[in-house]
Amino acid sequence: MTEYGVILFYTTSSAMRAEKLLVAEGCSVKLIPVPRHLSSDCGVALRFNWQQQEKVKSVLDQAQVEVDAIHQL
Amino acid sequence: MIYLDNAATSWPKPPEVLKAMVDVLQHAGGNPGRSGHRLSIEAARVIYNAREDIARFFNIGDPSRVIFTSNATHAINLVLQGLLKPGDRVVTSSIEHNAVMRPLRSLEKQGLILHTVPCAPDGMLDMRSIAAAIDSHTRLVVLIHASNVMGTMLPVAEVAHLAHHAGALLLVDAAQTAGAVPIDMKAGRIDFLAFTGHKGLQGPPGIGGLVIGDHVDTSQVEPLMRGGTGSQSELELQPESLPDKFESGTPNIAGIAGLHAGIRWLMDRGIHIIREHELELTRNLINGLSSMPGIKVYGTSDLERRTAIISFTANNKEVSEIGLKLDDDYGILVRVGLHCAPAAHRTIGTFPGGTVRLAPGAFTTMDDVNKTIWAIEQIIAS
């Protein structure tokens, strides 16, 4: 079974930016509603393949995308 | 029909703009980012992609500093009401639109210190006067990029230098120039750029924006409105993160999609090519009108420092009579009167009578211009 991680953002705009950057880098990602157990936020979060976490983090770091938190699902 | 009121709103719109507005409502009709389902996410993508292209178009690095508003007036109010405090000193010009003057006059009543630098009768700004007016107590300089009355452009890059040297910020009202002339916020060192979507940018009415320079500290600007953003919903305090801090409530997604399509249309055709075309039309209108007896044309004679706006008066006819005859007898649509800018009309000496304003656009032809010159000749000779 695939293990997933999820990234929470402060704004929808950051989530959209992250999706675009990560797709361009060939990462497998999907925008999903924020899982209730992680936050009461009503917005979107980005789910990614946990095996790619190093790459995901480095892409977002390099582009200075503001991230609230990263959790393993 | 000949439409010469593009300075009020551009018309017709490129078909791509109309198509983008219909498409987004049909295929991305969710509430952007609020709900997390596919239509909501698609709507958020549409908005984000527009933000990215607008950031590129005005040359800033961070797309989250593109704040969508209803129009330029909304964007101007966001800065003026969000940044300024009683006792702050503001420097502006004598040819500003009421979008700037009304909020400033209102803030003046609450203790703002307002200094208005007079422009010459052709609209040109005297650099020595503005240099003398901007001092170390100046919080903000507000300038119209190009006059909506006579088309004269103000030297915003030079004023940005003066403002920053004194520790002040610069707000540029680009209602007439966004899409009409290239604007590079980084090179021009513009701190705040207020634009509207429905003029040179070829988009629909009801959408505009504020673009905030990459280096500007936004914690000093209070939002005009507070409310739901789809983010950080557990908090009852307005978030500080951009763009959400300044964008509460469901946005105008059809407007944003139309604006984005308008900007892409401009980028595809080349803003320089459209500007050359509009300047050629402007040159012919100025030459045609200037050769008529009893006609006075306003604004600078330096075409490079103009947008496609030609204001004139006739010594034997009221402007309203000329406007009505142009519409009724010749199907030529223009705007007469004060153009929401009484200060500018005082500066050029046409207050309170106003002027007839001809504003060709990207779709205006030389044949339209020649017919207009002929029609005005007939009207003033009658």
# chains A, B, ... in the order shown; residues from 1 in each chain; ligands from 1
>>> interface_residues(of="chain A", to="chain B", cutoff="9 Å", atoms="only C-alpha atoms", output="number ranges by chain")
A: 9-14, 16-17, 31-34, 39-45
>>> write_last_selection(atoms="all heavy atoms", output="compact mmCIF listing (two decimals), in the first residue's frame")
# COMPACT_ATOMS: atom_id res chain seq x y z
N PHE A 9 -0.93 24.30 4.10
CA PHE A 9 -0.43 25.64 3.74
C PHE A 9 -1.23 26.71 4.46
O PHE A 9 -2.34 26.45 4.92
CB PHE A 9 -0.56 25.86 2.22
CG PHE A 9 0.19 24.85 1.40
CD1 PHE A 9 -0.43 23.68 0.98
CD2 PHE A 9 1.52 25.07 1.06
CE1 PHE A 9 0.25 22.74 0.23
CE2 PHE A 9 2.21 24.14 0.30
CZ PHE A 9 1.58 22.96 -0.11
N TYR A 10 -0.69 27.91 4.49
CA TYR A 10 -1.44 29.03 5.09
C TYR A 10 -2.47 29.61 4.13
O TYR A 10 -3.44 30.20 4.54
CB TYR A 10 -0.48 30.14 5.54
CG TYR A 10 0.43 29.73 6.66
CD1 TYR A 10 1.79 29.56 6.46
CD2 TYR A 10 -0.09 29.50 7.94
CE1 TYR A 10 2.63 29.18 7.49
CE2 TYR A 10 0.73 29.11 8.98
CZ TYR A 10 2.10 28.95 8.76
OH TYR A 10 2.91 28.56 9.78
N THR A 11 -2.19 29.48 2.80
CA THR A 11 -3.13 30.04 1.81
C THR A 11 -3.37 29.03 0.68
O THR A 11 -2.51 28.18 0.40
CB THR A 11 -2.57 31.33 1.14
OG1 THR A 11 -1.41 30.98 0.36
CG2 THR A 11 -2.19 32.38 2.17
N THR A 12 -4.52 29.13 0.05
CA THR A 12 -4.83 28.29 -1.12
C THR A 12 -3.82 28.58 -2.23
O THR A 12 -3.40 27.69 -2.96
CB THR A 12 -6.25 28.61 -1.63
OG1 THR A 12 -7.15 28.46 -0.53
CG2 THR A 12 -6.66 27.69 -2.74
N SER A 13 -3.44 29.87 -2.33
CA SER A 13 -2.49 30.28 -3.36
C SER A 13 -1.17 29.49 -3.24
O SER A 13 -0.62 29.04 -4.25
CB SER A 13 -2.24 31.79 -3.21
OG SER A 13 -1.43 32.26 -4.23
N SER A 14 -0.69 29.30 -2.01
CA SER A 14 0.55 28.53 -1.81
C SER A 14 0.35 27.08 -2.22
O SER A 14 1.25 26.46 -2.79
CB SER A 14 0.97 28.56 -0.34
OG SER A 14 1.28 29.85 0.07
N MET A 16 -1.64 25.94 -4.53
CA MET A 16 -1.67 25.89 -5.99
C MET A 16 -0.25 26.00 -6.55
O MET A 16 0.12 25.34 -7.50
CB MET A 16 -2.51 27.05 -6.56
CG MET A 16 -3.95 26.99 -6.17
SD MET A 16 -4.73 25.45 -6.70
CE MET A 16 -5.50 24.96 -5.17
N ARG A 17 0.53 26.89 -5.94
CA ARG A 17 1.90 27.09 -6.40
C ARG A 17 2.71 25.81 -6.19
O ARG A 17 3.44 25.36 -7.08
CB ARG A 17 2.52 28.26 -5.61
CG ARG A 17 3.93 28.54 -5.97
CD ARG A 17 4.33 30.00 -5.80
NE ARG A 17 5.71 30.16 -6.21
CZ ARG A 17 6.71 30.44 -5.38
NH1 ARG A 17 6.47 30.66 -4.09
NH2 ARG A 17 7.94 30.54 -5.83
N LEU A 31 -4.25 17.44 -4.82
CA LEU A 31 -4.86 18.38 -3.87
C LEU A 31 -6.10 17.75 -3.28
O LEU A 31 -6.94 17.21 -4.00
CB LEU A 31 -5.21 19.69 -4.59
CG LEU A 31 -4.02 20.58 -4.93
CD1 LEU A 31 -4.38 21.58 -6.02
CD2 LEU A 31 -3.48 21.31 -3.70
N ILE A 32 -6.19 17.77 -1.95
CA ILE A 32 -7.31 17.13 -1.25
C ILE A 32 -7.84 18.09 -0.16
O ILE A 32 -7.13 19.02 0.23
CB ILE A 32 -6.86 15.80 -0.57
CG1 ILE A 32 -5.70 16.09 0.41
CG2 ILE A 32 -6.44 14.77 -1.61
CD1 ILE A 32 -5.40 14.95 1.35
N PRO A 33 -9.07 17.85 0.32
CA PRO A 33 -9.52 18.66 1.46
C PRO A 33 -8.61 18.39 2.66
O PRO A 33 -8.14 17.26 2.83
CB PRO A 33 -10.94 18.14 1.73
CG PRO A 33 -11.34 17.39 0.51
CD PRO A 33 -10.07 16.87 -0.11
N VAL A 34 -8.39 19.38 3.47
CA VAL A 34 -7.51 19.20 4.64
C VAL A 34 -8.10 18.12 5.55
O VAL A 34 -9.27 18.21 5.96
CB VAL A 34 -7.38 20.52 5.43
CG1 VAL A 34 -6.58 20.30 6.71
CG2 VAL A 34 -6.72 21.59 4.57
N SER A 39 -6.22 19.31 10.95
CA SER A 39 -6.55 20.73 11.12
C SER A 39 -8.03 20.93 10.89
O SER A 39 -8.67 20.18 10.16
CB SER A 39 -5.74 21.56 10.12
OG SER A 39 -6.29 22.84 10.02
N SER A 40 -8.57 21.98 11.50
CA SER A 40 -9.98 22.31 11.30
C SER A 40 -10.15 23.24 10.11
O SER A 40 -11.23 23.73 9.83
CB SER A 40 -10.53 22.96 12.56
OG SER A 40 -9.69 24.04 12.93
N ASP A 41 -9.06 23.48 9.39
CA ASP A 41 -9.08 24.38 8.24
C ASP A 41 -10.05 23.88 7.17
O ASP A 41 -10.20 22.68 6.98
CB ASP A 41 -7.66 24.41 7.65
CG ASP A 41 -7.45 25.60 6.75
OD1 ASP A 41 -8.04 25.63 5.66
OD2 ASP A 41 -6.68 26.47 7.14
N CYS A 42 -10.73 24.81 6.49
CA CYS A 42 -11.69 24.36 5.47
C CYS A 42 -11.08 24.30 4.07
O CYS A 42 -11.77 24.03 3.11
CB CYS A 42 -12.93 25.25 5.48
SG CYS A 42 -12.64 26.94 4.96
N GLY A 43 -9.79 24.56 3.95
CA GLY A 43 -9.20 24.66 2.62
C GLY A 43 -8.64 23.36 2.08
O GLY A 43 -9.10 22.27 2.42
N VAL A 44 -7.65 23.50 1.19
CA VAL A 44 -7.07 22.33 0.54
C VAL A 44 -5.66 22.06 1.06
O VAL A 44 -4.97 22.96 1.54
CB VAL A 44 -7.01 22.52 -1.00
CG1 VAL A 44 -8.40 22.49 -1.60
CG2 VAL A 44 -6.28 23.79 -1.38
N ALA A 45 -5.27 20.80 0.96
CA ALA A 45 -3.92 20.37 1.33
C ALA A 45 -3.37 19.57 0.15
O ALA A 45 -4.12 19.17 -0.74
CB ALA A 45 -3.97 19.51 2.59
>>> residues_around(residues="Thr116 in chain B", least_positions_apart="3", cutoff="8 Å", atoms="only C-alpha atoms", output="number ranges by chain")
B: 91-94
>>> write_last_selection(atoms="N, CA and C atoms", output="short mmCIF file (atom, residue, chain, number, x, y, z; two decimals), in the first residue's frame")
data_model
loop_
_atom_site.label_atom_id
_atom_site.label_comp_id
_atom_site.auth_asym_id
_atom_site.auth_seq_id
_atom_site.Cartn_x
_atom_site.Cartn_y
_atom_site.Cartn_z
N VAL B 91 2.09 63.21 -0.67
CA VAL B 91 2.32 64.11 -1.80
C VAL B 91 1.63 63.51 -3.02
N THR B 92 0.90 64.35 -3.75
CA THR B 92 0.25 63.89 -4.97
C THR B 92 0.30 64.99 -6.02
N SER B 93 -0.26 64.72 -7.21
CA SER B 93 -0.21 65.72 -8.28
C SER B 93 -1.55 66.43 -8.41
N SER B 94 -1.59 67.46 -9.24
CA SER B 94 -2.83 68.22 -9.41
C SER B 94 -3.68 67.68 -10.56
#
>>> residues_around(residues="Gly331 in chain B", least_positions_apart="3", cutoff="12 Å", atoms="only C-alpha atoms", output="VMD selection string")
chain B and resid 1 to 4 323 to 328 334 368 371 to 372 375
>>> write_last_selection(atoms="C-alpha atoms", output="PDB file, in the first residue's frame")
ATOM      1  CA  MET B   1     -20.731  52.711 -34.955  1.00  0.00           C
ATOM      2  CA  ILE B   2     -17.318  54.017 -33.975  1.00  0.00           C
ATOM      3  CA  TYR B   3     -16.340  53.435 -30.353  1.00  0.00           C
ATOM      4  CA  LEU B   4     -13.906  56.063 -29.046  1.00  0.00           C
ATOM      5  CA  GLY B 323     -20.913  64.615 -27.814  1.00  0.00           C
ATOM      6  CA  LEU B 324     -24.632  64.307 -28.507  1.00  0.00           C
ATOM      7  CA  LYS B 325     -24.263  65.162 -32.205  1.00  0.00           C
ATOM      8  CA  LEU B 326     -21.377  62.706 -32.611  1.00  0.00           C
ATOM      9  CA  ASP B 327     -23.544  59.934 -31.147  1.00  0.00           C
ATOM     10  CA  ASP B 328     -26.912  60.832 -32.746  1.00  0.00           C
ATOM     11  CA  VAL B 334     -17.011  59.626 -26.970  1.00  0.00           C
ATOM     12  CA  ASP B 368     -12.557  55.334 -37.869  1.00  0.00           C
ATOM     13  CA  LYS B 371     -14.427  59.608 -40.240  1.00  0.00           C
ATOM     14  CA  THR B 372     -14.300  61.144 -36.763  1.00  0.00           C
ATOM     15  CA  ALA B 375     -17.645  64.483 -38.438  1.00  0.00           C
TER      16      ALA B 375
END
>>> atom_distance(atom1="CA of Gly5 in chain A", atom2="CA of Leu46 in chain A")
8.3 Å
>>> residues_around(residues="Lys13 in chain B", least_positions_apart="6", cutoff="8 Å", atoms="only C-alpha atoms", output="ChimeraX atom specification")
/B:202-204
>>> residues_around(residues="Asp5 in chain B", least_positions_apart="2", cutoff="10 Å", atoms="only C-alpha atoms", output="mmCIF file with N, CA and C atoms, in the first residue's frame")
data_model
loop_
_atom_site.group_PDB
_atom_site.id
_atom_site.type_symbol
_atom_site.label_atom_id
_atom_site.label_comp_id
_atom_site.auth_asym_id
_atom_site.auth_seq_id
_atom_site.Cartn_x
_atom_site.Cartn_y
_atom_site.Cartn_z
ATOM 1 N N ILE B 2 -18.750 53.889 -34.260
ATOM 2 C CA ILE B 2 -17.318 54.017 -33.975
ATOM 3 C C ILE B 2 -17.161 54.256 -32.472
ATOM 4 N N TYR B 3 -16.468 53.348 -31.805
ATOM 5 C CA TYR B 3 -16.340 53.435 -30.353
ATOM 6 C C TYR B 3 -15.033 54.117 -29.985
ATOM 7 N N ALA B 7 -10.979 54.766 -22.974
ATOM 8 C CA ALA B 7 -10.397 55.180 -21.693
ATOM 9 C C ALA B 7 -11.384 54.990 -20.549
ATOM 10 N N ALA B 8 -12.681 54.891 -20.891
ATOM 11 C CA ALA B 8 -13.686 54.612 -19.861
ATOM 12 C C ALA B 8 -13.804 53.106 -19.661
ATOM 13 N N THR B 9 -13.942 52.392 -20.784
ATOM 14 C CA THR B 9 -13.844 50.933 -20.760
ATOM 15 C C THR B 9 -13.568 50.503 -22.195
ATOM 16 N N SER B 10 -12.695 49.533 -22.381
ATOM 17 C CA SER B 10 -12.350 49.137 -23.749
ATOM 18 C C SER B 10 -13.471 48.275 -24.318
ATOM 19 N N TRP B 11 -13.706 48.469 -25.607
ATOM 20 C CA TRP B 11 -14.770 47.726 -26.304
ATOM 21 C C TRP B 11 -14.455 47.734 -27.786
ATOM 22 N N LYS B 199 -9.930 48.063 -19.045
ATOM 23 C CA LYS B 199 -9.481 49.080 -20.010
ATOM 24 C C LYS B 199 -8.399 48.464 -20.913
ATOM 25 N N ILE B 309 -5.311 59.220 -25.656
ATOM 26 C CA ILE B 309 -6.427 60.050 -25.192
ATOM 27 C C ILE B 309 -6.248 61.430 -25.797
ATOM 28 N N ILE B 332 -20.748 58.034 -33.416
ATOM 29 C CA ILE B 332 -19.399 58.042 -32.832
ATOM 30 C C ILE B 332 -19.525 58.267 -31.331
ATOM 31 N N LEU B 333 -19.010 57.321 -30.537
ATOM 32 C CA LEU B 333 -19.220 57.347 -29.087
ATOM 33 C C LEU B 333 -17.972 57.872 -28.382
ATOM 34 N N VAL B 334 -18.132 58.992 -27.679
ATOM 35 C CA VAL B 334 -17.011 59.626 -26.970
ATOM 36 C C VAL B 334 -17.473 59.947 -25.559
ATOM 37 N N ARG B 335 -16.598 60.509 -24.753
ATOM 38 C CA ARG B 335 -17.029 60.932 -23.413
ATOM 39 C C ARG B 335 -16.762 62.419 -23.242
ATOM 40 N N VAL B 336 -17.774 63.152 -22.811
ATOM 41 C CA VAL B 336 -17.603 64.592 -22.588
ATOM 42 C C VAL B 336 -17.787 64.901 -21.111
ATOM 43 N N ARG B 357 -13.599 64.004 -25.015
ATOM 44 C CA ARG B 357 -12.451 63.092 -24.966
ATOM 45 C C ARG B 357 -12.607 61.973 -25.981
ATOM 46 N N LEU B 358 -11.613 61.866 -26.870
ATOM 47 C CA LEU B 358 -11.577 60.775 -27.842
ATOM 48 C C LEU B 358 -10.543 59.767 -27.346
ATOM 49 N N ALA B 359 -10.937 58.525 -27.241
ATOM 50 C CA ALA B 359 -10.008 57.508 -26.747
ATOM 51 C C ALA B 359 -10.049 56.278 -27.651
ATOM 52 N N PRO B 360 -9.202 56.272 -28.698
ATOM 53 C CA PRO B 360 -9.134 55.085 -29.551
ATOM 54 C C PRO B 360 -8.522 53.908 -28.794
ATOM 55 N N GLY B 361 -8.715 52.714 -29.321
ATOM 56 C CA GLY B 361 -8.189 51.527 -28.647
ATOM 57 C C GLY B 361 -7.584 50.553 -29.640
#
>>> select_by_dssp(residues="chain A", states="helix (DSSP H, G or I)", output="number ranges by chain")
A: 12-24, 50-62
>>> write_last_selection(atoms="N, CA and C atoms", output="mmCIF file, in the first residue's frame")
data_model
loop_
_atom_site.group_PDB
_atom_site.id
_atom_site.type_symbol
_atom_site.label_atom_id
_atom_site.label_comp_id
_atom_site.auth_asym_id
_atom_site.auth_seq_id
_atom_site.Cartn_x
_atom_site.Cartn_y
_atom_site.Cartn_z
ATOM 1 N N THR A 12 -4.523 29.127 0.049
ATOM 2 C CA THR A 12 -4.828 28.295 -1.120
ATOM 3 C C THR A 12 -3.818 28.580 -2.227
ATOM 4 N N SER A 13 -3.442 29.868 -2.335
ATOM 5 C CA SER A 13 -2.487 30.279 -3.358
ATOM 6 C C SER A 13 -1.168 29.494 -3.242
ATOM 7 N N SER A 14 -0.690 29.299 -2.014
ATOM 8 C CA SER A 14 0.547 28.531 -1.813
ATOM 9 C C SER A 14 0.349 27.080 -2.225
ATOM 10 N N ALA A 15 -0.827 26.526 -1.933
ATOM 11 C CA ALA A 15 -1.097 25.131 -2.307
ATOM 12 C C ALA A 15 -1.065 24.967 -3.821
ATOM 13 N N MET A 16 -1.637 25.945 -4.527
ATOM 14 C CA MET A 16 -1.668 25.894 -5.995
ATOM 15 C C MET A 16 -0.245 26.000 -6.553
ATOM 16 N N ARG A 17 0.526 26.893 -5.936
ATOM 17 C CA ARG A 17 1.901 27.092 -6.395
ATOM 18 C C ARG A 17 2.707 25.806 -6.187
ATOM 19 N N ALA A 18 2.526 25.203 -5.004
ATOM 20 C CA ALA A 18 3.257 23.970 -4.691
ATOM 21 C C ALA A 18 2.895 22.862 -5.670
ATOM 22 N N GLU A 19 1.595 22.725 -5.958
ATOM 23 C CA GLU A 19 1.155 21.686 -6.889
ATOM 24 C C GLU A 19 1.858 21.855 -8.241
ATOM 25 N N LYS A 20 1.864 23.102 -8.727
ATOM 26 C CA LYS A 20 2.442 23.384 -10.039
ATOM 27 C C LYS A 20 3.939 23.054 -10.075
ATOM 28 N N LEU A 21 4.641 23.476 -9.020
ATOM 29 C CA LEU A 21 6.090 23.245 -8.955
ATOM 30 C C LEU A 21 6.404 21.748 -8.881
ATOM 31 N N LEU A 22 5.644 21.037 -8.046
ATOM 32 C CA LEU A 22 5.937 19.614 -7.835
ATOM 33 C C LEU A 22 5.574 18.773 -9.063
ATOM 34 N N VAL A 23 4.483 19.112 -9.715
ATOM 35 C CA VAL A 23 4.115 18.396 -10.950
ATOM 36 C C VAL A 23 5.210 18.609 -12.000
ATOM 37 N N ALA A 24 5.708 19.846 -12.084
ATOM 38 C CA ALA A 24 6.763 20.148 -13.052
ATOM 39 C C ALA A 24 8.038 19.346 -12.753
ATOM 40 N N TRP A 50 4.898 9.503 0.190
ATOM 41 C CA TRP A 50 5.836 9.711 1.302
ATOM 42 C C TRP A 50 7.273 9.344 0.922
ATOM 43 N N GLN A 51 7.407 8.416 -0.014
ATOM 44 C CA GLN A 51 8.752 8.021 -0.462
ATOM 45 C C GLN A 51 9.492 9.182 -1.132
ATOM 46 N N GLN A 52 8.709 10.155 -1.638
ATOM 47 C CA GLN A 52 9.326 11.300 -2.324
ATOM 48 C C GLN A 52 9.513 12.497 -1.392
ATOM 49 N N GLN A 53 9.416 12.259 -0.076
ATOM 50 C CA GLN A 53 9.386 13.401 0.839
ATOM 51 C C GLN A 53 10.625 14.290 0.755
ATOM 52 N N GLU A 54 11.801 13.681 0.545
ATOM 53 C CA GLU A 54 13.023 14.505 0.481
ATOM 54 C C GLU A 54 12.953 15.459 -0.705
ATOM 55 N N LYS A 55 12.557 14.899 -1.839
ATOM 56 C CA LYS A 55 12.468 15.694 -3.066
ATOM 57 C C LYS A 55 11.410 16.792 -2.925
ATOM 58 N N VAL A 56 10.251 16.409 -2.384
ATOM 59 C CA VAL A 56 9.150 17.365 -2.200
ATOM 60 C C VAL A 56 9.617 18.532 -1.331
ATOM 61 N N LYS A 57 10.251 18.191 -0.220
ATOM 62 C CA LYS A 57 10.712 19.238 0.700
ATOM 63 C C LYS A 57 11.736 20.150 0.026
ATOM 64 N N SER A 58 12.635 19.565 -0.730
ATOM 65 C CA SER A 58 13.692 20.381 -1.333
ATOM 66 C C SER A 58 13.127 21.302 -2.426
ATOM 67 N N VAL A 59 12.135 20.797 -3.198
ATOM 68 C CA VAL A 59 11.522 21.642 -4.240
ATOM 69 C C VAL A 59 10.821 22.851 -3.595
ATOM 70 N N LEU A 60 10.057 22.586 -2.534
ATOM 71 C CA LEU A 60 9.308 23.672 -1.888
ATOM 72 C C LEU A 60 10.249 24.643 -1.184
ATOM 73 N N ASP A 61 11.300 24.071 -0.582
ATOM 74 C CA ASP A 61 12.315 24.898 0.091
ATOM 75 C C ASP A 61 12.973 25.859 -0.884
ATOM 76 N N GLN A 62 13.388 25.279 -2.015
ATOM 77 C CA GLN A 62 14.118 26.055 -3.014
ATOM 78 C C GLN A 62 13.271 27.203 -3.575
#
>>> closest_residue(among="A:Leu8, A:Glu25, A:Phe48, A:Met1", to="Ala63 in chain A", atoms="only C-alpha atoms")
A:Glu25
